[in-house]
Amino acid sequence: MSNFTFEERLLLIQHCVYKYDSEEMLKTKLEEYFTPKEIESAIDTLIATQKIRRIGQDTLQNNESHTGTVPEIPEYLRSIINDL
């Protein structure tokens with residue numbers, strides 16, 4: 001597992017929601033980087049802070065209507081998203 005700060009983890013998962021709106025697919029793709037507990041915690045935090053929302057049983061979506069644009073992602077995290 002890679003060592004990411006909690007903020008980096010949140011940002012990475014938030015950007016991954018653009019690529020994979022299925023929560024199960026997101027978890028599957030990120031399991032190489034995070035434990036299932038870390039992924040669940042990050043998703044729960046992003047939902048609680050209204051940065052992402054659940055729009056179905058298994059569908060996640062960035063909540064840009066509430067929070068505005070998603071923050072830019074640093075280049076070293078962008079490569080992870082591109083590789084997923």
# chains A, B, ... in the order shown; residues from 1 in each chain; ligands from 1
>>> residues_around(residues="Leu60 in chain A", least_positions_apart="5", cutoff="7 Å", atoms="only C-alpha atoms", output="PyMOL selection string")
chain A and resi 17+21-23+52-55
>>> write_last_selection(atoms="N, CA and C atoms", output="short mmCIF file (atom, residue, chain, number, x, y, z; two decimals), in the first residue's frame")
data_model
loop_
_atom_site.label_atom_id
_atom_site.label_comp_id
_atom_site.auth_asym_id
_atom_site.auth_seq_id
_atom_site.Cartn_x
_atom_site.Cartn_y
_atom_site.Cartn_z
N VAL A 17 -13.88 9.35 -9.15
CA VAL A 17 -15.33 9.29 -9.35
C VAL A 17 -15.69 9.74 -10.76
N ASP A 21 -17.99 5.85 -11.98
CA ASP A 21 -19.07 6.29 -11.11
C ASP A 21 -19.65 5.15 -10.28
N SER A 22 -19.28 3.92 -10.60
CA SER A 22 -19.73 2.76 -9.82
C SER A 22 -18.84 2.63 -8.58
N GLU A 23 -19.48 2.60 -7.43
CA GLU A 23 -18.72 2.50 -6.18
C GLU A 23 -17.92 1.20 -6.12
N ILE A 52 -18.98 14.57 -2.78
CA ILE A 52 -19.57 13.61 -3.71
C ILE A 52 -20.92 13.21 -3.15
N ARG A 53 -21.74 12.62 -3.99
CA ARG A 53 -23.05 12.16 -3.52
C ARG A 53 -23.35 10.81 -4.13
N ARG A 54 -24.18 10.08 -3.44
CA ARG A 54 -24.63 8.78 -3.92
C ARG A 54 -25.95 9.04 -4.65
N ILE A 55 -26.03 8.63 -5.91
CA ILE A 55 -27.25 8.89 -6.69
C ILE A 55 -27.91 7.59 -7.12
#
>>> residues_around(residues="Lys19 in chain A", least_positions_apart="6", cutoff="9 Å", atoms="only C-alpha atoms", output="PDB file with N, CA and C atoms, in the first residue's frame")
ATOM      1  N   LEU A  26     -14.931   1.468  -8.431  1.00  0.00           N
ATOM      2  CA  LEU A  26     -13.963   2.369  -7.813  1.00  0.00           C
ATOM      3  C   LEU A  26     -13.143   1.627  -6.757  1.00  0.00           C
ATOM      4  N   ILE A  81      -4.368   8.141 -11.533  1.00  0.00           N
ATOM      5  CA  ILE A  81      -5.694   8.139 -12.147  1.00  0.00           C
ATOM      6  C   ILE A  81      -5.611   7.690 -13.594  1.00  0.00           C
ATOM      7  N   LEU A  84      -5.310   3.888 -13.916  1.00  0.00           N
ATOM      8  CA  LEU A  84      -6.417   3.030 -13.466  1.00  0.00           C
ATOM      9  C   LEU A  84      -7.245   2.537 -14.624  1.00  0.00           C
TER      10      LEU A  84
END
>>> residues_around(residues="Thr5 in chain A", least_positions_apart="4", cutoff="12 Å", atoms="only C-alpha atoms", output="PyMOL selection string")
chain A and resi 9-12+34+38+42+77
>>> atom_distance(atom1="CA of Asp58 in chain A", atom2="CA of Thr35 in chain A")
19.0 Å
>>> select_by_dssp(residues="chain A", states="strand (DSSP E or B)", output="number ranges by chain")
A: 22, 52-54, 59-62
>>> write_last_selection(atoms="N, CA and C atoms", output="short mmCIF file (atom, residue, chain, number, x, y, z; two decimals), in the first residue's frame")
data_model
loop_
_atom_site.label_atom_id
_atom_site.label_comp_id
_atom_site.auth_asym_id
_atom_site.auth_seq_id
_atom_site.Cartn_x
_atom_site.Cartn_y
_atom_site.Cartn_z
N SER A 22 -19.28 3.92 -10.60
CA SER A 22 -19.73 2.76 -9.82
C SER A 22 -18.84 2.63 -8.58
N ILE A 52 -18.98 14.57 -2.78
CA ILE A 52 -19.57 13.61 -3.71
C ILE A 52 -20.92 13.21 -3.15
N ARG A 53 -21.74 12.62 -3.99
CA ARG A 53 -23.05 12.16 -3.52
C ARG A 53 -23.35 10.81 -4.13
N ARG A 54 -24.18 10.08 -3.44
CA ARG A 54 -24.63 8.78 -3.92
C ARG A 54 -25.95 9.04 -4.65
N THR A 59 -24.01 4.09 -7.39
CA THR A 59 -23.51 5.15 -8.24
C THR A 59 -23.09 6.36 -7.42
N LEU A 60 -21.87 6.84 -7.69
CA LEU A 60 -21.35 8.04 -7.03
C LEU A 60 -21.20 9.13 -8.07
N GLN A 61 -21.28 10.38 -7.62
CA GLN A 61 -21.15 11.53 -8.51
C GLN A 61 -20.54 12.68 -7.74
N ASN A 62 -19.64 13.42 -8.39
CA ASN A 62 -19.11 14.63 -7.76
C ASN A 62 -20.24 15.63 -7.61
#
>>> atom_distance(atom1="CA of Asn63 in chain A", atom2="CA of Asn3 in chain A")
26.6 Å
>>> select_by_dssp(residues="chain A", states="alpha helix (DSSP H)", output="JSON, numbers by chain")
{"A": [6, 7, 8, 9, 10, 11, 12, 13, 14, 15, 16, 17, 18, 19, 23, 24, 25, 26, 27, 28, 29, 30, 36, 37, 38, 39, 40, 41, 42, 43, 44, 45, 46, 47, 48, 64, 65, 66, 67, 75, 76, 77, 78, 79, 80, 81, 82, 83]}
>>> residues_around(residues="Glu8 in chain A", least_positions_apart="4", cutoff="12 Å", atoms="only C-alpha atoms", output="PyMOL selection string")
chain A and resi 2-4+12-15+33-34+38+42+71-78+80
>>> write_last_selection(atoms="N, CA and C atoms", output="PDB file, in the first residue's frame")
ATOM      1  N   SER A   2       0.475   2.247  -0.719  1.00  0.00           N
ATOM      2  CA  SER A   2       1.205   3.503  -0.783  1.00  0.00           C
ATOM      3  C   SER A   2       0.846   4.372   0.409  1.00  0.00           C
ATOM      4  N   ASN A   3       1.746   5.258   0.739  1.00  0.00           N
ATOM      5  CA  ASN A   3       1.497   6.163   1.851  1.00  0.00           C
ATOM      6  C   ASN A   3       1.018   7.507   1.319  1.00  0.00           C
ATOM      7  N   PHE A   4      -0.259   7.750   1.455  1.00  0.00           N
ATOM      8  CA  PHE A   4      -0.851   9.017   1.062  1.00  0.00           C
ATOM      9  C   PHE A   4      -1.412   9.687   2.303  1.00  0.00           C
ATOM     10  N   LEU A  12      -7.743  12.062  -4.515  1.00  0.00           N
ATOM     11  CA  LEU A  12      -7.589  10.989  -5.495  1.00  0.00           C
ATOM     12  C   LEU A  12      -8.918  10.276  -5.733  1.00  0.00           C
ATOM     13  N   ILE A  13      -9.621   9.960  -4.680  1.00  0.00           N
ATOM     14  CA  ILE A  13     -10.899   9.273  -4.828  1.00  0.00           C
ATOM     15  C   ILE A  13     -11.927  10.180  -5.478  1.00  0.00           C
ATOM     16  N   GLN A  14     -11.928  11.441  -5.124  1.00  0.00           N
ATOM     17  CA  GLN A  14     -12.873  12.378  -5.737  1.00  0.00           C
ATOM     18  C   GLN A  14     -12.648  12.459  -7.241  1.00  0.00           C
ATOM     19  N   HIS A  15     -11.413  12.491  -7.679  1.00  0.00           N
ATOM     20  CA  HIS A  15     -11.124  12.531  -9.115  1.00  0.00           C
ATOM     21  C   HIS A  15     -11.421  11.190  -9.784  1.00  0.00           C
ATOM     22  N   TYR A  33      -3.966   0.486  -4.109  1.00  0.00           N
ATOM     23  CA  TYR A  33      -3.393   1.653  -3.437  1.00  0.00           C
ATOM     24  C   TYR A  33      -3.856   1.811  -1.992  1.00  0.00           C
ATOM     25  N   PHE A  34      -5.087   1.378  -1.697  1.00  0.00           N
ATOM     26  CA  PHE A  34      -5.672   1.586  -0.366  1.00  0.00           C
ATOM     27  C   PHE A  34      -6.342   0.313   0.136  1.00  0.00           C
ATOM     28  N   GLU A  38      -9.855   2.081   4.190  1.00  0.00           N
ATOM     29  CA  GLU A  38      -9.447   3.433   3.806  1.00  0.00           C
ATOM     30  C   GLU A  38     -10.355   3.991   2.711  1.00  0.00           C
ATOM     31  N   ALA A  42     -12.851   7.191   3.172  1.00  0.00           N
ATOM     32  CA  ALA A  42     -12.732   8.359   2.293  1.00  0.00           C
ATOM     33  C   ALA A  42     -14.058   8.654   1.597  1.00  0.00           C
ATOM     34  N   PRO A  71     -11.069  20.464  -6.859  1.00  0.00           N
ATOM     35  CA  PRO A  71      -9.710  21.020  -6.854  1.00  0.00           C
ATOM     36  C   PRO A  71      -8.792  20.300  -7.837  1.00  0.00           C
ATOM     37  N   GLU A  72      -7.825  21.041  -8.359  1.00  0.00           N
ATOM     38  CA  GLU A  72      -6.828  20.455  -9.267  1.00  0.00           C
ATOM     39  C   GLU A  72      -6.070  19.355  -8.532  1.00  0.00           C
ATOM     40  N   ILE A  73      -5.672  18.379  -9.293  1.00  0.00           N
ATOM     41  CA  ILE A  73      -4.935  17.272  -8.710  1.00  0.00           C
ATOM     42  C   ILE A  73      -3.455  17.414  -9.078  1.00  0.00           C
ATOM     43  N   PRO A  74      -2.562  17.203  -8.112  1.00  0.00           N
ATOM     44  CA  PRO A  74      -1.128  17.293  -8.412  1.00  0.00           C
ATOM     45  C   PRO A  74      -0.712  16.253  -9.447  1.00  0.00           C
ATOM     46  N   GLU A  75       0.353  16.526 -10.148  1.00  0.00           N
ATOM     47  CA  GLU A  75       0.812  15.663 -11.234  1.00  0.00           C
ATOM     48  C   GLU A  75       1.123  14.244 -10.755  1.00  0.00           C
ATOM     49  N   TYR A  76       1.713  14.111  -9.572  1.00  0.00           N
ATOM     50  CA  TYR A  76       2.063  12.773  -9.090  1.00  0.00           C
ATOM     51  C   TYR A  76       0.833  11.926  -8.788  1.00  0.00           C
ATOM     52  N   LEU A  77      -0.312  12.544  -8.513  1.00  0.00           N
ATOM     53  CA  LEU A  77      -1.552  11.791  -8.330  1.00  0.00           C
ATOM     54  C   LEU A  77      -2.272  11.573  -9.663  1.00  0.00           C
ATOM     55  N   ARG A  78      -2.083  12.483 -10.585  1.00  0.00           N
ATOM     56  CA  ARG A  78      -2.722  12.373 -11.902  1.00  0.00           C
ATOM     57  C   ARG A  78      -2.269  11.095 -12.616  1.00  0.00           C
ATOM     58  N   ILE A  80      -1.582   8.291 -11.325  1.00  0.00           N
ATOM     59  CA  ILE A  80      -2.297   7.147 -10.746  1.00  0.00           C
ATOM     60  C   ILE A  80      -3.671   7.025 -11.399  1.00  0.00           C
TER      61      ILE A  80
END
>>> atom_distance(atom1="CA of Ser65 in chain A", atom2="CA of Leu30 in chain A")
25.7 Å
